[in-house]
$ cat work15.pdb   # PDB, C-alpha atoms, pLDDT in the B column
ATOM      1  CA  SER I 132       0.720   0.029  10.200  1.00 58.00           C
ATOM      2  CA  ASN I 133      -2.634   1.556   9.425  1.00 54.00           C
ATOM      3  CA  ALA I 134      -1.318   2.212   5.923  1.00 53.00           C
ATOM      4  CA  MET I 135      -1.933  -1.413   5.115  1.00 51.00           C
ATOM      5  CA  ASP I 136      -4.910  -2.094   7.374  1.00 52.00           C
ATOM      6  CA  VAL I 137      -6.874  -4.595   5.317  1.00 57.00           C
ATOM      7  CA  GLY I 138      -9.654  -6.415   7.108  1.00 59.00           C
ATOM      8  CA  ASN I 139     -10.021  -9.273   4.641  1.00 60.00           C
ATOM      9  CA  PRO I 140      -7.117  -9.371   2.193  1.00 61.00           C
ATOM     10  CA  SER I 141      -8.108 -11.191  -0.976  1.00 66.00           C
ATOM     11  CA  ASN I 142      -4.479 -11.999  -1.800  1.00 76.00           C
ATOM     12  CA  LEU I 143      -4.379 -14.360   1.163  1.00 80.00           C
ATOM     13  CA  ASP I 144      -7.138 -16.466  -0.418  1.00 83.00           C
ATOM     14  CA  ARG I 145      -5.253 -16.460  -3.725  1.00 86.00           C
ATOM     15  CA  ILE I 146      -2.006 -17.506  -2.067  1.00 89.00           C
ATOM     16  CA  ASN I 147      -3.746 -20.317  -0.177  1.00 90.00           C
ATOM     17  CA  ALA I 148      -5.330 -21.536  -3.412  1.00 91.00           C
ATOM     18  CA  LEU I 149      -2.029 -21.396  -5.327  1.00 93.00           C
ATOM     19  CA  TYR I 150      -0.271 -23.370  -2.598  1.00 96.00           C
ATOM     20  CA  ALA I 151      -3.162 -25.750  -1.886  1.00 96.00           C
ATOM     21  CA  HIS I 152      -3.204 -24.441   1.715  1.00 95.00           C
ATOM     22  CA  ASP I 153       0.269 -25.924   2.306  1.00 96.00           C
ATOM     23  CA  LEU I 154       1.787 -23.564   4.889  1.00 94.00           C
ATOM     24  CA  LYS I 155       5.259 -25.073   4.579  1.00 96.00           C
ATOM     25  CA  LEU I 156       5.376 -24.301   0.857  1.00 96.00           C
ATOM     26  CA  ILE I 157       4.090 -20.784   1.491  1.00 94.00           C
ATOM     27  CA  HIS I 158       6.744 -20.207   4.167  1.00 93.00           C
ATOM     28  CA  ASP I 159       9.439 -21.556   1.822  1.00 94.00           C
ATOM     29  CA  ASP I 160       8.532 -19.053  -0.930  1.00 94.00           C
ATOM     30  CA  ILE I 161       7.067 -15.983   0.727  1.00 90.00           C
ATOM     31  CA  ASP I 162       8.381 -13.580   3.349  1.00 88.00           C
ATOM     32  CA  SER I 163       6.146 -11.075   5.070  1.00 87.00           C
ATOM     33  CA  TYR I 164       6.806  -8.235   7.454  1.00 91.00           C
ATOM     34  CA  SER I 165       4.709  -6.064   9.735  1.00 90.00           C
ATOM     35  CA  PHE I 166       5.357  -2.441  10.693  1.00 93.00           C
ATOM     36  CA  ASP I 167       3.743  -0.093  13.159  1.00 94.00           C
ATOM     37  CA  ASP I 168       2.695   3.487  12.442  1.00 93.00           C
ATOM     38  CA  GLU I 169       5.876   4.887  14.000  1.00 95.00           C
ATOM     39  CA  ASN I 170       8.033   2.870  11.607  1.00 96.00           C
ATOM     40  CA  THR I 171       5.916   4.078   8.677  1.00 95.00           C
ATOM     41  CA  ARG I 172       6.350   7.725   9.706  1.00 96.00           C
ATOM     42  CA  LYS I 173      10.098   7.197  10.220  1.00 97.00           C
ATOM     43  CA  THR I 174      10.434   5.631   6.761  1.00 97.00           C
ATOM     44  CA  ILE I 175       8.550   8.527   5.138  1.00 97.00           C
ATOM     45  CA  LEU I 176      10.947  11.019   6.733  1.00 97.00           C
ATOM     46  CA  GLN I 177      14.096   8.981   6.010  1.00 97.00           C
ATOM     47  CA  THR I 178      13.089   8.496   2.376  1.00 97.00           C
ATOM     48  CA  LEU I 179      12.491  12.225   1.973  1.00 97.00           C
ATOM     49  CA  GLU I 180      15.817  13.105   3.585  1.00 97.00           C
ATOM     50  CA  LYS I 181      17.886  10.492   1.736  1.00 96.00           C
ATOM     51  CA  TYR I 182      16.253  10.532  -1.725  1.00 95.00           C
ATOM     52  CA  ASN I 183      14.261  13.778  -1.783  1.00 97.00           C
ATOM     53  CA  TYR I 184      11.175  11.646  -2.464  1.00 96.00           C
ATOM     54  CA  LEU I 185       7.981  12.011  -0.470  1.00 97.00           C
ATOM     55  CA  ALA I 186       6.443   8.558  -0.082  1.00 96.00           C
ATOM     56  CA  ASP I 187       2.828   7.931   0.846  1.00 94.00           C
ATOM     57  CA  PRO I 188       2.250   5.588   3.825  1.00 93.00           C
ATOM     58  CA  HIS I 189       1.558   2.535   1.629  1.00 91.00           C
ATOM     59  CA  THR I 190       4.781   3.072  -0.285  1.00 94.00           C
ATOM     60  CA  ALA I 191       6.669   3.588   2.986  1.00 95.00           C
ATOM     61  CA  VAL I 192       5.465   0.159   4.150  1.00 93.00           C
ATOM     62  CA  GLY I 193       6.764  -1.316   0.873  1.00 93.00           C
ATOM     63  CA  ILE I 194      10.123   0.403   1.384  1.00 96.00           C
ATOM     64  CA  SER I 195      10.317  -0.926   4.954  1.00 96.00           C
ATOM     65  CA  GLY I 196       9.489  -4.415   3.717  1.00 95.00           C
ATOM     66  CA  PHE I 197      12.235  -4.329   1.122  1.00 95.00           C
ATOM     67  CA  ASN I 198      14.710  -3.019   3.691  1.00 95.00           C
ATOM     68  CA  CYS I 199      13.891  -6.000   5.943  1.00 95.00           C
ATOM     69  CA  PHE I 200      14.272  -8.332   2.977  1.00 93.00           C
ATOM     70  CA  LYS I 201      17.753  -6.922   2.301  1.00 94.00           C
ATOM     71  CA  GLU I 202      18.684  -7.327   5.968  1.00 93.00           C
ATOM     72  CA  ASN I 203      17.651 -10.990   5.821  1.00 92.00           C
ATOM     73  CA  TYR I 204      18.990 -11.897   2.375  1.00 91.00           C
ATOM     74  CA  GLY I 205      21.879  -9.528   1.752  1.00 89.00           C
ATOM     75  CA  ALA I 206      22.261  -5.835   1.104  1.00 85.00           C
ATOM     76  CA  ASN I 207      23.348  -6.463  -2.490  1.00 90.00           C
ATOM     77  CA  ASN I 208      19.809  -7.331  -3.554  1.00 88.00           C
ATOM     78  CA  ASN I 209      18.061  -4.849  -5.816  1.00 91.00           C
ATOM     79  CA  GLY I 210      14.348  -4.217  -5.834  1.00 91.00           C
ATOM     80  CA  ILE I 211      11.591  -2.054  -7.178  1.00 93.00           C
ATOM     81  CA  ILE I 212       9.011  -0.481  -4.883  1.00 93.00           C
ATOM     82  CA  LEU I 213       5.948   0.802  -6.689  1.00 90.00           C
ATOM     83  CA  SER I 214       4.420   3.949  -5.292  1.00 87.00           C
ATOM     84  CA  THR I 215       0.701   3.532  -4.826  1.00 76.00           C
ATOM     85  CA  ALA I 216      -0.711   7.009  -4.216  1.00 86.00           C
ATOM     86  CA  HIS I 217       0.113  10.701  -4.151  1.00 90.00           C
ATOM     87  CA  PRO I 218       1.259  11.687  -0.646  1.00 93.00           C
ATOM     88  CA  GLY I 219      -1.331  14.479  -0.659  1.00 90.00           C
ATOM     89  CA  LYS I 220      -4.030  11.858  -0.301  1.00 87.00           C
ATOM     90  CA  PHE I 221      -2.610  11.308   3.191  1.00 91.00           C
ATOM     91  CA  SER I 222      -1.768  14.917   4.069  1.00 91.00           C
ATOM     92  CA  ASP I 223      -3.229  14.541   7.573  1.00 91.00           C
ATOM     93  CA  ILE I 224      -0.655  11.808   8.267  1.00 92.00           C
ATOM     94  CA  ILE I 225       2.338  13.075   6.291  1.00 95.00           C
ATOM     95  CA  GLU I 226       2.331  16.824   6.949  1.00 96.00           C
ATOM     96  CA  PRO I 227       3.018  16.470  10.707  1.00 96.00           C
ATOM     97  CA  VAL I 228       5.871  14.058   9.878  1.00 95.00           C
ATOM     98  CA  ILE I 229       7.617  16.359   7.395  1.00 96.00           C
ATOM     99  CA  ASN I 230       6.554  19.548   9.182  1.00 96.00           C
ATOM    100  CA  LYS I 231       5.282  21.282   6.044  1.00 95.00           C
ATOM    101  CA  GLN I 232       2.249  21.403   3.794  1.00 95.00           C
ATOM    102  CA  ILE I 233       2.099  19.144   0.745  1.00 95.00           C
ATOM    103  CA  LYS I 234       1.454  20.879  -2.568  1.00 92.00           C
ATOM    104  CA  LEU I 235      -1.419  19.098  -4.294  1.00 91.00           C
ATOM    105  CA  PRO I 236      -1.688  18.757  -8.061  1.00 91.00           C
ATOM    106  CA  GLN I 237      -4.887  20.298  -9.425  1.00 92.00           C
ATOM    107  CA  ARG I 238      -6.248  16.911 -10.550  1.00 90.00           C
ATOM    108  CA  LEU I 239      -5.956  15.556  -7.011  1.00 87.00           C
ATOM    109  CA  LYS I 240      -7.550  18.698  -5.526  1.00 88.00           C
ATOM    110  CA  THR I 241     -10.506  18.165  -7.859  1.00 91.00           C
ATOM    111  CA  CYS I 242     -10.862  14.508  -6.857  1.00 87.00           C
ATOM    112  CA  LEU I 243     -10.638  15.152  -3.136  1.00 82.00           C
ATOM    113  CA  VAL I 244     -13.657  17.466  -3.101  1.00 88.00           C
ATOM    114  CA  LYS I 245     -15.913  15.179  -5.125  1.00 91.00           C
ATOM    115  CA  GLU I 246     -18.753  13.403  -3.401  1.00 91.00           C
ATOM    116  CA  LYS I 247     -17.998   9.733  -2.793  1.00 84.00           C
ATOM    117  CA  ASN I 248     -20.457   7.444  -4.521  1.00 85.00           C
ATOM    118  CA  SER I 249     -20.419   3.744  -3.800  1.00 82.00           C
ATOM    119  CA  ILE I 250     -22.743   0.791  -3.771  1.00 81.00           C
ATOM    120  CA  LYS I 251     -22.450  -2.396  -1.773  1.00 85.00           C
ATOM    121  CA  ILE I 252     -22.556  -5.691  -3.597  1.00 86.00           C
ATOM    122  CA  SER I 253     -21.905  -9.236  -2.516  1.00 87.00           C
ATOM    123  CA  ASN I 254     -18.838 -11.199  -3.590  1.00 87.00           C
ATOM    124  CA  ASN I 255     -20.909 -12.808  -6.328  1.00 88.00           C
ATOM    125  CA  TYR I 256     -19.409 -12.617  -9.841  1.00 90.00           C
ATOM    126  CA  THR I 257     -22.778 -12.311 -11.588  1.00 90.00           C
ATOM    127  CA  GLU I 258     -23.732  -9.344  -9.404  1.00 89.00           C
ATOM    128  CA  LEU I 259     -20.366  -7.665 -10.050  1.00 88.00           C
ATOM    129  CA  LYS I 260     -20.661  -8.253 -13.784  1.00 89.00           C
ATOM    130  CA  GLY I 261     -24.159  -6.752 -13.749  1.00 89.00           C
ATOM    131  CA  CYS I 262     -22.883  -3.606 -12.010  1.00 86.00           C
ATOM    132  CA  LEU I 263     -20.016  -3.230 -14.461  1.00 87.00           C
ATOM    133  CA  ILE I 264     -22.239  -3.668 -17.510  1.00 87.00           C
ATOM    134  CA  ASP I 265     -25.150  -1.553 -16.198  1.00 75.00           C
ATOM    135  CA  THR I 266     -25.163   1.711 -18.156  1.00 59.00           C
ATOM    136  CA  LYS I 267     -27.903   3.549 -16.253  1.00 58.00           C
TER     137      LYS I 267
END
$ encode --input "work15.pdb" --output "structure tokens"
Amino acid sequence: SNAMDVGNPSNLDRINALYAHDLKLIHDDIDSYSFDDENTRKTILQTLEKYNYLADPHTAVGISGFNCFKENYGANNNGIILSTAHPGKFSDIIEPVINKQIKLPQRLKTCLVKEKNSIKISNNYTELKGCLIDTK
């Protein structure tokens, strides 16, 4: 699903380091699932209908992942899915799914019209530290 489209996920490097690149150990401890955009849209709608909760696409992927986990390990498992963003951030994706406009909180409206400012830095700690400390 595009909701979780990460070109170079840093967690993968962390996992490999924690498990000393031992794929068998990783497979023994970690499950992963993949979902397409249609599944993500379906989960958003089902979650709204069943729980009256409007999930953003990232959260919908988390919900789908936990549902697969329960299918594989038993429906009696409990879990916590942390919501990662306000659904209004993804109104172009969600509104056609739910067939209505999302009401945005004022704070989000303010953020969405701000100009995006970013700088590119390398993956060098010293450079990152310098950017964080720079008070210009």
$ residues_around --input "work15.pdb" --residues "Asp162 in chain I" --least-positions-apart "5" --cutoff "12 Å" --atoms "all atoms listed in the file" --output "list in words"
Lys155, Leu156, Ile157, Gly196, Phe197, Cys199, Phe200, Lys201, Asn203 and Tyr204 of chain I
$ atom_distance --input "work15.pdb" --atom1 "CA of Cys262 in chain I" --atom2 "CA of Lys240 in chain I"
27.8 Å
$ closest_residue --input "work15.pdb" --among "I:Ile146, I:Cys242, I:Ile264, I:Ile229" --to "Lys173 in chain I" --atoms "only C-alpha atoms"
I:Ile229
$ axis_aligned_box --input "work15.pdb" --around "range 213-217 of chain I" --padding-each-side "3 Å" --output "lines of an AutoDock Vina configuration file"
center_x = 2.6
center_y = 5.8
center_z = -5.4
size_x = 12.7
size_y = 15.9
size_z = 8.5
$ atom_distance --input "work15.pdb" --atom1 "CA of Asn230 in chain I" --atom2 "CA of Ile194 in chain I"
21.0 Å
$ resolve_selection --input "work15.pdb" --expression "the PyMOL selection byres ((chain I and resi 218) around 7)" --output "ChimeraX atom specification"
/I:185-187,216-217,219-222
$ atom_distance --input "work15.pdb" --atom1 "CA of Ser195 in chain I" --atom2 "CA of Leu239 in chain I"
26.1 Å
$ closest_residue --input "work15.pdb" --among "I:Glu226, I:Thr215, I:Ala148, I:Ile161" --to "Ile175 in chain I" --atoms "all atoms listed in the file"
I:Glu226
$ closest_residue --input "work15.pdb" --among "I:Ile212, I:Val228, I:Leu259, I:Ile250" --to "Thr174 in chain I" --atoms "only C-alpha atoms"
I:Val228
$ closest_residue --input "work15.pdb" --among "I:Asp144, I:Tyr256, I:Lys231, I:Asn198" --to "Gly210 in chain I" --atoms "only C-alpha atoms"
I:Asn198
$ closest_residue --input "work15.pdb" --among "I:Ile225, I:Leu213, I:Ile252, I:Leu143" --to "Ser163 in chain I" --atoms "only C-alpha atoms"
I:Leu143
$ closest_residue --input "work15.pdb" --among "I:Val244, I:Arg145, I:Gly193, I:Ser165" --to "Thr178 in chain I" --atoms "all atoms listed in the file"
I:Gly193
$ decode --input "work15.pdb" --residues "range 202-254 of chain I" --atoms "C-alpha atoms" --output "CSV table (one decimal), in the first residue's frame"
chain,number,residue,atom,x,y,z
I,202,GLU,CA,-5.8,-14.9,11.8
I,203,ASN,CA,-2.4,-16.6,12.0
I,204,TYR,CA,-2.1,-16.8,15.8
I,205,GLY,CA,-5.6,-16.9,17.1
I,206,ALA,CA,-8.5,-14.4,17.3
I,207,ASN,CA,-8.2,-14.2,21.1
I,208,ASN,CA,-5.0,-12.1,20.9
I,209,ASN,CA,-5.4,-8.5,21.9
I,210,GLY,CA,-3.4,-5.6,20.4
I,211,ILE,CA,-2.9,-1.9,20.3
I,212,ILE,CA,-2.7,-0.1,17.0
I,213,LEU,CA,-1.4,3.5,17.3
I,214,SER,CA,-2.9,6.0,15.0
I,215,THR,CA,-0.2,8.0,13.2
I,216,ALA,CA,-1.9,11.0,11.6
I,217,HIS,CA,-5.2,12.9,11.3
I,218,PRO,CA,-7.2,11.4,8.4
I,219,GLY,CA,-7.6,15.0,7.0
I,220,LYS,CA,-3.9,14.9,6.1
I,221,PHE,CA,-5.0,12.3,3.5
I,222,SER,CA,-8.3,13.8,2.5
I,223,ASP,CA,-7.6,13.2,-1.2
I,224,ILE,CA,-7.4,9.4,-0.5
I,225,ILE,CA,-10.0,9.1,2.3
I,226,GLU,CA,-12.9,11.3,1.1
I,227,PRO,CA,-13.7,9.2,-2.0
I,228,VAL,CA,-13.7,6.1,0.2
I,229,ILE,CA,-16.1,7.4,2.8
I,230,ASN,CA,-18.0,9.5,0.3
I,231,LYS,CA,-18.0,12.7,2.4
I,232,GLN,CA,-15.7,15.6,3.3
I,233,ILE,CA,-13.5,15.3,6.4
I,234,LYS,CA,-13.8,18.1,8.9
I,235,LEU,CA,-10.3,19.5,9.6
I,236,PRO,CA,-9.3,20.8,13.0
I,237,GLN,CA,-8.1,24.4,12.8
I,238,ARG,CA,-4.5,23.5,13.8
I,239,LEU,CA,-4.3,21.1,10.9
I,240,LYS,CA,-5.8,23.6,8.5
I,241,THR,CA,-3.1,26.1,9.6
I,242,CYS,CA,-0.3,23.5,9.1
I,243,LEU,CA,-1.5,22.4,5.7
I,244,VAL,CA,-1.2,25.9,4.2
I,245,LYS,CA,2.3,26.6,5.5
I,246,GLU,CA,5.2,26.6,3.1
I,247,LYS,CA,7.3,23.4,3.4
I,248,ASN,CA,10.9,24.2,4.3
I,249,SER,CA,13.4,21.4,4.2
I,250,ILE,CA,17.1,20.9,3.8
I,251,LYS,CA,19.0,17.9,2.5
I,252,ILE,CA,21.7,16.5,4.6
I,253,SER,CA,23.7,13.3,4.4
I,254,ASN,CA,23.3,10.4,6.8
